[in-house]
$ cat input-v8.txt   # compact mmCIF, C-alpha atoms
# COMPACT_ATOMS: atom_id res chain seq x y z
CA MET L 1 142.56 88.53 163.59
CA TRP L 2 138.84 88.96 164.28
CA ILE L 3 139.27 92.72 164.75
CA THR L 4 141.14 92.92 161.49
CA ARG L 5 138.33 91.10 159.74
CA ARG L 6 135.72 93.41 161.26
CA ARG L 7 137.74 96.43 160.19
CA CYS L 8 137.96 95.00 156.71
CA LEU L 9 134.19 94.54 156.59
CA ALA L 10 133.64 98.08 157.85
CA GLY L 11 135.99 99.35 155.16
CA VAL L 12 134.15 97.42 152.47
CA GLY L 13 130.85 98.85 153.76
CA ALA L 14 132.21 102.39 153.56
CA LEU L 15 133.42 101.78 150.01
CA TRP L 16 130.13 100.13 148.89
CA PRO L 17 129.01 102.01 145.74
CA ALA L 18 126.33 104.61 146.36
CA PRO L 19 124.10 103.49 143.42
CA LEU L 20 123.81 100.03 144.98
CA LEU L 21 122.74 101.55 148.30
CA ALA L 22 120.20 103.67 146.43
CA GLN L 23 118.85 100.54 144.74
CA ARG L 24 118.48 98.85 148.10
CA ALA L 25 116.50 101.81 149.39
CA ASP L 26 113.96 101.29 146.57
CA PRO L 27 110.61 99.89 147.63
CA ASN L 28 110.02 96.39 146.35
CA PRO L 29 108.35 96.57 142.93
CA ASP L 30 104.77 95.28 142.73
CA ALA L 31 105.24 93.97 139.22
CA THR L 32 107.77 93.72 136.40
CA VAL L 33 107.25 94.65 132.76
CA GLU L 34 108.81 93.74 129.44
CA ILE L 35 108.23 95.73 126.26
CA GLU L 36 109.16 94.76 122.73
CA GLU L 37 108.55 96.90 119.66
CA VAL L 38 109.79 96.93 116.06
CA ARG L 39 109.27 99.92 113.80
CA VAL L 40 109.74 99.94 110.02
CA GLY L 41 109.59 103.06 107.89
CA ILE L 42 110.93 106.49 107.04
CA GLY L 43 109.89 109.51 109.08
CA VAL L 44 106.15 109.69 109.53
CA VAL L 45 105.53 106.92 106.98
CA ALA L 46 106.10 104.02 109.32
CA THR L 47 104.46 101.03 110.88
CA SER L 48 105.20 99.29 114.12
CA ILE L 49 104.37 96.07 115.89
CA GLY L 50 104.86 95.20 119.49
CA GLY L 51 103.40 95.00 122.93
CA GLY L 52 104.27 94.13 126.45
CA ARG L 53 103.93 91.70 129.31
CA VAL L 54 103.35 92.60 132.95
CA ARG L 55 104.06 90.01 135.63
CA TRP L 56 101.88 90.74 138.67
CA ARG L 57 101.35 88.41 141.64
CA GLY L 58 102.74 85.40 139.78
CA GLU L 59 100.52 85.84 136.72
CA GLU L 60 101.45 87.30 133.34
CA TYR L 61 99.19 89.71 131.44
CA SER L 62 99.73 91.18 127.98
CA PHE L 63 99.16 94.80 127.08
CA ARG L 64 99.14 97.10 124.06
CA ILE L 65 101.47 100.05 124.00
CA ARG L 66 101.54 103.37 122.11
CA GLY L 67 103.82 106.35 122.44
CA LEU L 68 107.35 104.98 122.09
CA THR L 69 109.58 107.16 119.91
CA MET L 70 112.12 105.24 117.85
CA GLY L 71 114.61 105.74 115.03
CA ALA L 72 113.38 107.75 112.03
CA ILE L 73 114.79 105.63 109.17
CA GLY L 74 114.80 101.90 108.47
CA VAL L 75 114.09 99.13 110.93
CA THR L 76 114.38 99.85 114.64
CA SER L 77 113.97 97.27 117.34
CA LEU L 78 113.44 98.19 120.97
CA GLN L 79 113.49 95.90 123.97
CA ALA L 80 112.83 97.38 127.40
CA ARG L 81 112.38 96.04 130.90
CA GLY L 82 111.29 97.67 134.09
CA GLU L 83 109.53 97.65 137.41
CA VAL L 84 106.07 98.79 138.45
CA PHE L 85 105.42 100.47 141.79
CA ALA L 86 102.19 101.30 143.65
CA LEU L 87 100.14 98.78 141.69
CA ALA L 88 97.44 97.57 144.11
CA ARG L 89 94.84 96.63 141.48
CA LEU L 90 95.63 95.34 138.00
CA GLU L 91 93.03 97.68 136.42
CA ASP L 92 95.13 100.64 137.59
CA PHE L 93 97.97 99.56 135.31
CA SER L 94 96.22 100.80 132.14
CA GLY L 95 96.40 104.48 131.35
CA ASN L 96 98.52 107.25 129.95
CA TYR L 97 101.94 107.45 131.57
CA ALA L 98 103.70 110.81 131.66
CA GLU L 99 107.37 111.40 132.47
CA ASP L 100 107.84 111.64 136.24
CA PRO L 101 111.51 112.18 137.11
CA PRO L 102 112.55 110.97 140.58
CA GLU L 103 112.89 113.53 143.37
CA THR L 104 116.50 112.55 144.01
CA PRO L 105 118.73 113.44 141.03
CA PRO L 106 120.85 110.68 139.49
CA ASP L 107 124.19 110.02 141.15
CA PRO L 108 126.88 112.09 139.34
CA ASN L 109 129.50 109.48 140.34
CA ALA L 110 127.60 106.67 138.63
CA PRO L 111 129.67 104.99 135.92
CA PRO L 112 128.87 106.29 132.41
CA GLY L 113 127.42 104.11 129.67
CA GLY L 114 124.69 102.49 131.74
CA PRO L 115 121.15 102.17 130.41
CA ILE L 116 119.03 105.31 130.38
CA MET L 117 116.17 105.02 132.87
CA ARG L 118 112.71 106.46 132.22
CA PHE L 119 110.46 107.21 135.17
CA LEU L 120 106.75 107.41 134.36
CA ARG L 121 103.49 107.77 136.27
CA ASN L 122 99.85 107.33 135.24
CA PRO L 123 96.77 109.18 136.64
CA ASN L 124 96.07 106.19 138.95
CA GLY L 125 99.37 106.81 140.73
CA VAL L 126 101.10 103.73 139.27
CA ARG L 127 104.78 104.38 138.69
CA LEU L 128 106.90 102.73 136.02
CA ARG L 129 110.68 102.53 135.76
CA LEU L 130 111.89 101.47 132.28
CA ARG L 131 115.25 100.88 130.65
CA ALA L 132 116.28 99.63 127.20
CA THR L 133 117.95 96.23 127.41
CA ARG L 134 119.32 95.82 123.89
CA ASP L 135 122.48 97.69 122.91
CA GLY L 136 121.96 100.56 120.49
CA ALA L 137 118.26 101.14 121.16
CA ILE L 138 117.32 104.45 122.74
CA LEU L 139 114.22 104.48 124.87
CA GLU L 140 112.30 107.68 124.16
CA ILE L 141 108.76 108.55 125.19
CA SER L 142 106.64 110.73 122.89
CA PRO L 143 105.48 114.13 124.24
CA GLY L 144 101.93 112.78 124.61
CA GLY L 145 103.16 110.10 127.00
CA LEU L 146 103.14 106.33 126.93
CA ASN L 147 99.72 104.75 126.56
CA ILE L 148 99.26 101.28 128.04
CA GLU L 149 96.12 99.24 127.60
CA LEU L 150 95.68 95.78 129.13
CA ARG L 151 94.31 93.21 126.68
CA MET U 1 99.78 82.74 122.15
CA ILE U 2 101.49 84.57 119.27
CA ASP U 3 100.80 88.31 119.53
CA GLY U 4 102.54 91.59 118.69
CA PHE U 5 104.93 91.16 121.61
CA ILE U 6 106.17 87.75 120.45
CA ILE U 7 106.36 88.83 116.78
CA ALA U 8 108.32 91.97 117.72
CA ARG U 9 110.63 89.88 119.89
CA MET U 10 111.19 87.42 117.05
CA ILE U 11 111.94 90.22 114.58
CA GLY U 12 114.22 92.02 117.06
CA ASP U 13 116.05 88.81 117.88
CA PHE U 14 116.38 87.90 114.20
CA LEU U 15 117.90 91.33 113.40
CA PHE U 16 120.28 91.16 116.36
CA SER U 17 121.44 87.58 115.68
CA PHE U 18 121.69 88.10 111.90
CA SER U 19 123.78 91.27 112.19
CA THR U 20 126.02 89.68 114.84
CA LEU U 21 126.72 86.59 112.73
CA ILE U 22 127.21 88.51 109.48
CA SER U 23 129.73 90.85 111.12
CA ILE U 24 131.65 87.89 112.58
CA ILE U 25 131.55 85.75 109.42
CA ASN U 26 132.13 88.76 107.13
CA PRO U 27 131.34 86.91 103.88
CA PHE U 28 132.15 90.01 101.81
CA ALA U 29 135.83 89.85 102.81
CA ILE U 30 136.04 86.05 102.82
CA GLY U 31 134.55 86.12 99.30
CA PHE U 32 137.95 87.28 98.04
CA VAL U 33 139.65 84.45 99.90
CA PHE U 34 137.21 82.09 98.20
CA LEU U 35 138.03 83.66 94.85
CA GLU U 36 141.76 83.30 95.34
CA ARG U 37 141.42 79.66 96.36
CA THR U 38 139.24 78.78 93.38
CA GLN U 39 141.46 80.16 90.61
CA GLY U 40 141.00 77.97 87.56
CA LEU U 41 137.36 77.08 88.15
CA THR U 42 134.69 78.17 85.70
CA SER U 43 131.86 80.44 86.79
CA ARG U 44 129.46 77.47 86.91
CA GLU U 45 131.86 75.34 88.98
CA ARG U 46 132.40 78.25 91.36
CA ALA U 47 128.63 78.69 91.71
CA ALA U 48 128.26 74.99 92.56
CA LEU U 49 131.05 75.27 95.13
CA SER U 50 129.41 78.41 96.62
CA ARG U 51 126.15 76.47 96.95
CA ARG U 52 127.93 73.61 98.66
CA ILE U 53 129.75 75.93 101.11
CA ALA U 54 126.49 77.76 101.87
CA LEU U 55 124.77 74.41 102.55
CA TYR U 56 127.61 73.27 104.83
CA SER U 57 127.50 76.63 106.60
CA LEU U 58 123.75 76.22 107.11
CA CYS U 59 124.36 72.79 108.68
CA VAL U 60 127.15 74.13 110.92
CA LEU U 61 125.00 77.06 112.11
CA LEU U 62 121.97 74.84 112.74
CA VAL U 63 123.99 72.23 114.62
CA ALA U 64 125.71 74.98 116.65
CA GLY U 65 122.37 76.66 117.37
CA PHE U 66 120.42 73.58 118.34
CA ILE U 67 122.88 71.12 119.88
CA GLY U 68 126.18 73.03 120.00
CA GLN U 69 126.20 73.32 123.77
CA GLN U 70 125.41 69.62 124.23
CA ILE U 71 128.15 68.53 121.78
CA LEU U 72 130.78 70.65 123.50
CA GLY U 73 129.60 69.36 126.87
CA PHE U 74 129.72 65.72 125.69
CA PHE U 75 133.38 66.01 124.66
CA GLY U 76 134.20 68.18 127.65
CA ILE U 77 135.29 71.05 125.40
CA SER U 78 134.87 74.54 126.74
CA LEU U 79 134.00 77.52 124.55
CA ALA U 80 137.44 78.89 125.42
CA ALA U 81 139.16 75.78 123.98
CA LEU U 82 137.03 76.03 120.84
CA ARG U 83 138.03 79.67 120.46
CA ILE U 84 141.76 79.02 120.96
CA ALA U 85 141.90 76.08 118.52
CA GLY U 86 139.73 77.74 115.89
CA GLY U 87 141.41 81.12 116.30
CA LEU U 88 144.82 79.59 115.64
CA THR U 89 143.51 77.82 112.51
CA VAL U 90 142.01 81.07 111.18
CA ALA U 91 145.18 83.03 112.01
CA LEU U 92 147.35 80.44 110.22
CA ALA U 93 145.14 80.65 107.10
CA GLY U 94 145.41 84.46 107.19
CA TRP U 95 149.18 84.31 107.66
CA ALA U 96 149.60 81.92 104.71
CA MET U 97 147.49 84.17 102.48
CA LEU U 98 149.31 87.28 103.59
CA ASN U 99 152.71 85.80 102.75
CA ALA U 100 151.72 84.09 99.52
CA PRO U 101 153.71 85.48 96.58
CA ASP U 102 151.88 87.83 94.26
CA ALA U 103 150.62 86.22 91.08
CA PRO U 104 151.62 88.47 88.15
CA ASP U 105 148.39 87.75 86.31
CA SER U 106 145.44 85.41 86.49
CA THR U 107 146.96 82.90 84.06
CA SER U 108 149.96 82.21 86.29
CA ALA U 109 147.93 82.02 89.51
CA PRO U 110 147.86 78.55 91.12
CA LYS U 111 144.98 76.64 89.58
CA VAL U 112 142.72 74.27 91.41
CA THR U 113 140.79 71.34 89.96
CA VAL U 114 137.09 70.72 90.63
CA ALA U 115 137.90 67.64 92.69
CA ALA U 116 140.41 69.54 94.80
CA ALA U 117 137.95 72.42 95.25
CA ASN U 118 135.24 70.01 96.37
CA ARG U 119 137.63 68.43 98.83
CA MET U 120 138.31 71.79 100.45
CA ALA U 121 134.63 72.84 100.45
CA PHE U 122 134.14 71.82 104.06
CA PHE U 123 137.69 72.19 105.34
CA PRO U 124 138.98 74.85 105.23
CA MET U 125 136.45 76.86 103.19
CA THR U 126 133.39 76.26 105.41
CA MET U 127 135.23 75.53 108.61
CA PRO U 128 137.00 77.55 109.84
CA LEU U 129 137.17 80.22 107.12
CA THR U 130 133.41 80.86 106.77
CA THR U 131 131.71 79.51 109.87
CA GLY U 132 134.65 79.43 112.24
CA PRO U 133 134.89 79.22 116.00
CA GLY U 134 133.78 82.84 116.38
CA SER U 135 130.49 82.28 114.58
CA ILE U 136 129.97 78.86 116.20
CA ALA U 137 130.52 80.33 119.67
CA ALA U 138 128.22 83.25 118.79
CA SER U 139 125.53 80.86 117.47
CA ILE U 140 125.66 78.81 120.65
CA ALA U 141 125.51 81.90 122.88
CA LEU U 142 122.71 83.55 120.86
CA ALA U 143 120.62 80.38 120.80
CA ALA U 144 121.08 79.83 124.54
CA ASN U 145 120.01 83.41 125.22
CA ARG U 146 117.06 83.12 122.81
CA THR U 147 115.69 79.94 124.41
CA GLY U 148 115.81 81.62 127.81
CA GLU U 149 114.00 84.74 126.63
CA MET U 150 111.44 83.52 124.10
CA ARG U 151 109.25 81.56 126.50
CA GLY U 152 108.30 79.12 123.80
CA LEU U 153 109.99 76.49 121.73
CA VAL U 154 108.31 77.36 118.43
CA PRO U 155 109.37 81.05 118.17
CA SER U 156 112.90 80.19 119.35
CA VAL U 157 113.30 77.35 116.83
CA LEU U 158 111.82 79.49 114.06
CA VAL U 159 114.26 82.37 114.70
CA THR U 160 117.26 79.99 114.85
CA LEU U 161 116.19 78.47 111.50
CA LEU U 162 115.56 81.82 109.82
CA VAL U 163 118.86 83.33 111.01
CA ALA U 164 120.88 80.33 109.78
CA LEU U 165 119.01 80.34 106.47
CA ALA U 166 119.44 84.09 105.90
CA VAL U 167 123.18 83.99 106.74
CA SER U 168 123.68 81.02 104.38
CA VAL U 169 121.89 82.84 101.54
CA ILE U 170 124.18 85.86 102.02
CA ILE U 171 127.23 83.55 102.04
CA TYR U 172 126.05 81.92 98.78
CA LEU U 173 125.36 85.25 97.06
CA THR U 174 128.64 86.90 98.07
CA TYR U 175 130.76 83.87 97.11
CA ARG U 176 128.78 83.31 93.92
CA HIS U 177 129.32 86.92 92.83
CA ALA U 178 132.84 87.41 94.24
CA ALA U 179 134.29 87.23 90.71
CA SER U 180 131.95 89.99 89.50
CA LEU U 181 133.03 92.17 92.40
CA ALA U 182 136.68 91.42 91.63
CA ARG U 183 136.12 92.37 87.97
CA LEU U 184 134.59 95.62 89.16
CA LEU U 185 137.62 96.37 91.33
CA GLY U 186 140.17 95.36 88.68
CA PRO U 187 143.37 93.25 89.24
CA ASP U 188 145.09 95.85 91.44
CA GLY U 189 141.98 96.53 93.48
CA THR U 190 141.36 92.80 93.96
CA ARG U 191 144.99 92.22 95.00
CA LEU U 192 144.70 95.08 97.49
CA VAL U 193 141.40 93.86 98.90
CA SER U 194 142.72 90.28 99.06
CA ARG U 195 145.75 91.42 101.09
CA ILE U 196 143.60 93.52 103.39
CA SER U 197 141.19 90.57 103.78
CA ALA U 198 144.14 88.30 104.59
CA PHE U 199 145.42 90.73 107.21
CA LEU U 200 141.93 91.09 108.69
CA LEU U 201 141.63 87.30 108.73
CA LEU U 202 144.90 87.08 110.66
CA CYS U 203 143.62 89.75 113.10
CA VAL U 204 140.29 87.93 113.50
CA GLY U 205 142.15 84.70 114.25
CA VAL U 206 144.38 86.39 116.82
CA GLN U 207 141.34 88.11 118.39
CA ILE U 208 139.44 84.80 118.67
CA THR U 209 142.51 83.16 120.23
CA LEU U 210 142.96 86.07 122.65
CA THR U 211 139.30 85.91 123.68
CA GLY U 212 139.68 82.18 124.27
CA VAL U 213 142.87 82.65 126.31
CA LEU U 214 141.27 85.41 128.39
CA ASP U 215 138.17 83.24 128.96
CA ALA U 216 140.36 80.33 130.05
CA LEU U 217 142.51 82.48 132.33
CA ALA U 218 139.65 84.45 133.92
CA PRO U 219 138.86 81.86 136.65
CA LEU U 220 142.59 81.55 137.47
CA VAL U 221 143.03 85.32 137.71
CA SER U 222 139.94 85.75 139.90
CA GLY U 223 141.21 82.86 142.07
CA VAL U 224 144.53 84.66 142.63
CA ARG U 225 142.70 87.87 143.56
$ encode --input "input-v8.txt" --output "structure tokens"
Amino acid sequence: MWITRRRCLAGVGALWPAPLLAQRADPNPDATVEIEEVRVGIGVVATSIGGGRVRWRGEEYSFRIRGLTMGAIGVTSLQARGEVFALARLEDFSGNYAEDPPETPPDPNAPPGGPIMRFLRNPNGVRLRLRATRDGAILEISPGGLNIELR
Amino acid sequence: MIDGFIIARMIGDFLFSFSTLISIINPFAIGFVFLERTQGLTSRERAALSRRIALYSLCVLLVAGFIGQQILGFFGISLAALRIAGGLTVALAGWAMLNAPDAPDSTSAPKVTVAAANRMAFFPMTMPLTTGPGSIAASIALAANRTGEMRGLVPSVLVTLLVALAVSVIIYLTYRHAASLARLLGPDGTRLVSRISAFLLLCVGVQITLTGVLDALAPLVSGVR
């Protein structure tokens, strides 16, 4: 009976989805971020309001954000969440984040329809992993990068 | 502190909740149901009835948003039970409308008196035809989610109030002007849209019931597995 159970557990381990194993291999994030932005307008004639919160060592700090690309017409709302890595000092969090795709390509066997991840890095070496959390919103970063400024 | 982040979250949440509730309530389709059930009323009487239904809907949405979870918990009613009961009521209303004989013209259509119309303002016009179990369940779920995410009572309360108010205004305007829309479509167009609305109402009722049944059966099924 015991052997059967152990075999079962081994079988479950072998069948454990690869993306979950990859997530486990991630280093623990140093902080978490939340971003919220609403854009109103048509094409280049548009205005937006928003900002973000970073939770670092039990404290929450707000920041300004520039460089998110959103829908071209009407009202677009974007909500994103993510993790921050290699953040030793809070001052390092500010800066211009450029796209920094991970070295390991995404798992081709991962189920489709999941949120699109954006991997970013600033000149201080701080890395950011972001994903849109509201259905319908597409998280796009402008070519100039994502500018974050702590308040 | 209210800053761009909180304002953007409030706007985003308002848009999400408003569009969710409007698509569930679908006042544009139910406006024709309202029109059919208020044959014989004058334009002014219909406007007064629309105002009353919108006010009742506002109350239902506010109660569902603020204390819906507590009320259901007090009576020991699950969301699944609410969905099954309400879904069946909506489906029955849709079935009755779908099978009602065609009125040859507006003069021979069944007439309703003001007193009778006022009596049906809450049941069935507000509940379950306008703010039925689907919208009540959605209001409860949206409000619960909002309170968890907003990190503040004031923004959360404000969004719940604004969403309920905006949805009620849309309900009032669509019901108030349902006759104008029917005139625009003509008798045949109105009859067609009414039948399609009735069929959709039946489908919505069945869908709400199915969701409730699936919700109720989910723990049993997972227990068997």
$ atom_distance --input "input-v8.txt" --atom1 "atom CA of U:Leu79" --atom2 "atom CA of L:Ala80"
29.2 Å
$ residues_around --input "input-v8.txt" --residues "L:Arg127" --least-positions-apart "4" --cutoff "10 Å" --atoms "all atoms listed in the file" --output "list in words"
Pro29, Asp30, Glu83, Val84, Phe85, Ala86, Leu87, Phe93, Tyr97, Ala98, Glu99, Asp100, Phe119, Leu120, Arg121, Asn122 and Pro123 of chain L
$ closest_atom_pairs --input "input-v8.txt" --of "stretch 99-212 of chain U" --to "stretch 46-64 of chain U" --cutoff "12 Å" --atoms "only C-alpha atoms" --output "CSV"
residue,atom,partner,partner_atom,distance
U:Val112,CA,U:Arg46,CA,11.1
U:Thr113,CA,U:Arg46,CA,11.0
U:Val114,CA,U:Leu49,CA,8.8
U:Ala115,CA,U:Leu49,CA,10.5
U:Ala116,CA,U:Leu49,CA,11.0
U:Ala117,CA,U:Leu49,CA,7.5
U:Asn118,CA,U:Leu49,CA,6.8
U:Arg119,CA,U:Leu49,CA,10.2
U:Met120,CA,U:Ile53,CA,9.5
U:Ala121,CA,U:Ile53,CA,5.8
U:Phe122,CA,U:Ile53,CA,6.7
U:Phe123,CA,U:Ile53,CA,9.7
U:Pro124,CA,U:Ile53,CA,10.2
U:Met125,CA,U:Ile53,CA,7.1
U:Thr126,CA,U:Ile53,CA,5.6
U:Met127,CA,U:Ser57,CA,8.1
U:Pro128,CA,U:Ser57,CA,10.1
U:Leu129,CA,U:Ser57,CA,10.3
U:Thr130,CA,U:Ser57,CA,7.3
U:Thr131,CA,U:Ser57,CA,6.1
U:Gly132,CA,U:Val60,CA,9.3
U:Pro133,CA,U:Ala64,CA,10.1
U:Gly134,CA,U:Ala64,CA,11.3
U:Ser135,CA,U:Leu61,CA,8.0
U:Ile136,CA,U:Ala64,CA,5.8
U:Ala137,CA,U:Ala64,CA,7.8
U:Ala138,CA,U:Ala64,CA,8.9
U:Ser139,CA,U:Ala64,CA,5.9
U:Ile140,CA,U:Ala64,CA,5.5
U:Ala141,CA,U:Ala64,CA,9.3
U:Leu142,CA,U:Ala64,CA,10.0
U:Ala143,CA,U:Ala64,CA,8.5
U:Ala144,CA,U:Ala64,CA,10.4
U:Val157,CA,U:Leu62,CA,9.9
U:Leu158,CA,U:Leu62,CA,11.2
U:Val159,CA,U:Leu62,CA,11.0
U:Thr160,CA,U:Leu62,CA,7.3
U:Leu161,CA,U:Leu62,CA,6.9
U:Leu162,CA,U:Leu62,CA,9.9
U:Val163,CA,U:Leu61,CA,8.8
U:Ala164,CA,U:Leu58,CA,5.7
U:Leu165,CA,U:Leu58,CA,6.3
U:Ala166,CA,U:Leu58,CA,9.1
U:Val167,CA,U:Leu58,CA,7.8
U:Ser168,CA,U:Ala54,CA,5.0
U:Val169,CA,U:Ala54,CA,6.9
U:Ile170,CA,U:Ala54,CA,8.4
U:Ile171,CA,U:Ala54,CA,5.8
U:Tyr172,CA,U:Ala54,CA,5.2
U:Leu173,CA,U:Ser50,CA,8.0
U:Thr174,CA,U:Ser50,CA,8.6
U:Tyr175,CA,U:Ser50,CA,5.6
U:Arg176,CA,U:Ala47,CA,5.1
U:His177,CA,U:Ala47,CA,8.3
U:Ala178,CA,U:Arg46,CA,9.6
U:Ala179,CA,U:Arg46,CA,9.2
U:Ser180,CA,U:Arg46,CA,11.9
$ closest_atom_pairs --input "input-v8.txt" --of "chain U" --to "chain L" --cutoff "7 Å" --atoms "all atoms listed in the file" --output "JSON lines"
{"residue": "U:Gly4", "atom": "CA", "partner": "L:Gly50", "partner_atom": "CA", "distance": 4.4}
{"residue": "U:Phe5", "atom": "CA", "partner": "L:Gly51", "partner_atom": "CA", "distance": 4.3}
{"residue": "U:Ala8", "atom": "CA", "partner": "L:Gly50", "partner_atom": "CA", "distance": 5.1}
{"residue": "U:Arg9", "atom": "CA", "partner": "L:Glu36", "partner_atom": "CA", "distance": 5.8}
{"residue": "U:Gly12", "atom": "CA", "partner": "L:Ser77", "partner_atom": "CA", "distance": 5.3}
$ closest_residue --input "input-v8.txt" --among "L:Thr69, L:Asn96, L:Gly74, L:Arg89" --to "L:Trp56" --atoms "only C-alpha atoms"
L:Arg89
$ atom_distance --input "input-v8.txt" --atom1 "atom CA of U:Val193" --atom2 "atom CA of U:Ser19"
22.2 Å
$ residues_around --input "input-v8.txt" --residues "U:Ala80" --least-positions-apart "3" --cutoff "6 Å" --atoms "all atoms listed in the file" --output "JSON, numbers by chain"
{"U": [83, 212, 215, 216]}
$ atom_distance --input "input-v8.txt" --atom1 "atom CA of U:Leu82" --atom2 "atom CA of U:Gly65"
15.1 Å
$ decode --input "input-v8.txt" --residues "stretch 7-13 of chain U" --atoms "all heavy atoms" --output "PDB file, in the first residue's frame"
ATOM      1  N   ILE U   7      -7.474  57.326  -8.153  1.00  0.00           N
ATOM      2  CA  ILE U   7      -8.480  57.846  -9.103  1.00  0.00           C
ATOM      3  C   ILE U   7      -8.581  56.915 -10.313  1.00  0.00           C
ATOM      4  O   ILE U   7      -9.680  56.561 -10.754  1.00  0.00           O
ATOM      5  CB  ILE U   7      -8.133  59.288  -9.526  1.00  0.00           C
ATOM      6  CG1 ILE U   7      -8.266  60.223  -8.325  1.00  0.00           C
ATOM      7  CG2 ILE U   7      -9.050  59.776 -10.656  1.00  0.00           C
ATOM      8  CD1 ILE U   7      -7.747  61.618  -8.550  1.00  0.00           C
ATOM      9  N   ALA U   8      -7.421  56.494 -10.835  1.00  0.00           N
ATOM     10  CA  ALA U   8      -7.421  55.578 -11.985  1.00  0.00           C
ATOM     11  C   ALA U   8      -8.084  54.257 -11.622  1.00  0.00           C
ATOM     12  O   ALA U   8      -8.833  53.682 -12.415  1.00  0.00           O
ATOM     13  CB  ALA U   8      -5.997  55.338 -12.467  1.00  0.00           C
ATOM     14  N   ARG U   9      -7.837  53.782 -10.404  1.00  0.00           N
ATOM     15  CA  ARG U   9      -8.455  52.525  -9.976  1.00  0.00           C
ATOM     16  C   ARG U   9      -9.971  52.686  -9.857  1.00  0.00           C
ATOM     17  O   ARG U   9     -10.733  51.801 -10.245  1.00  0.00           O
ATOM     18  CB  ARG U   9      -7.852  52.078  -8.638  1.00  0.00           C
ATOM     19  CG  ARG U   9      -8.509  50.844  -8.085  1.00  0.00           C
ATOM     20  CD  ARG U   9      -7.627  50.084  -7.171  1.00  0.00           C
ATOM     21  NE  ARG U   9      -6.620  49.327  -7.909  1.00  0.00           N
ATOM     22  CZ  ARG U   9      -5.778  48.478  -7.354  1.00  0.00           C
ATOM     23  NH1 ARG U   9      -5.795  48.287  -6.072  1.00  0.00           N
ATOM     24  NH2 ARG U   9      -4.912  47.812  -8.076  1.00  0.00           N
ATOM     25  N   MET U  10     -10.394  53.840  -9.348  1.00  0.00           N
ATOM     26  CA  MET U  10     -11.835  54.086  -9.217  1.00  0.00           C
ATOM     27  C   MET U  10     -12.492  54.150 -10.602  1.00  0.00           C
ATOM     28  O   MET U  10     -13.553  53.554 -10.816  1.00  0.00           O
ATOM     29  CB  MET U  10     -12.089  55.387  -8.452  1.00  0.00           C
ATOM     30  CG  MET U  10     -11.853  55.265  -6.953  1.00  0.00           C
ATOM     31  SD  MET U  10     -11.917  56.847  -6.111  1.00  0.00           S
ATOM     32  CE  MET U  10     -13.644  57.237  -6.216  1.00  0.00           C
ATOM     33  N   ILE U  11     -11.837  54.857 -11.532  1.00  0.00           N
ATOM     34  CA  ILE U  11     -12.414  54.971 -12.884  1.00  0.00           C
ATOM     35  C   ILE U  11     -12.450  53.587 -13.551  1.00  0.00           C
ATOM     36  O   ILE U  11     -13.463  53.174 -14.120  1.00  0.00           O
ATOM     37  CB  ILE U  11     -11.604  55.964 -13.751  1.00  0.00           C
ATOM     38  CG1 ILE U  11     -11.702  57.373 -13.169  1.00  0.00           C
ATOM     39  CG2 ILE U  11     -12.110  55.969 -15.197  1.00  0.00           C
ATOM     40  CD1 ILE U  11     -10.777  58.386 -13.835  1.00  0.00           C
ATOM     41  N   GLY U  12     -11.334  52.874 -13.459  1.00  0.00           N
ATOM     42  CA  GLY U  12     -11.250  51.535 -14.062  1.00  0.00           C
ATOM     43  C   GLY U  12     -12.289  50.602 -13.484  1.00  0.00           C
ATOM     44  O   GLY U  12     -12.964  49.861 -14.200  1.00  0.00           O
ATOM     45  N   ASP U  13     -12.466  50.658 -12.155  1.00  0.00           N
ATOM     46  CA  ASP U  13     -13.429  49.791 -11.505  1.00  0.00           C
ATOM     47  C   ASP U  13     -14.860  50.187 -11.860  1.00  0.00           C
ATOM     48  O   ASP U  13     -15.721  49.327 -12.051  1.00  0.00           O
ATOM     49  CB  ASP U  13     -13.232  49.856  -9.991  1.00  0.00           C
ATOM     50  CG  ASP U  13     -13.787  48.638  -9.325  1.00  0.00           C
ATOM     51  OD1 ASP U  13     -13.220  47.559  -9.526  1.00  0.00           O
ATOM     52  OD2 ASP U  13     -14.823  48.753  -8.643  1.00  0.00           O
TER      53      ASP U  13
END
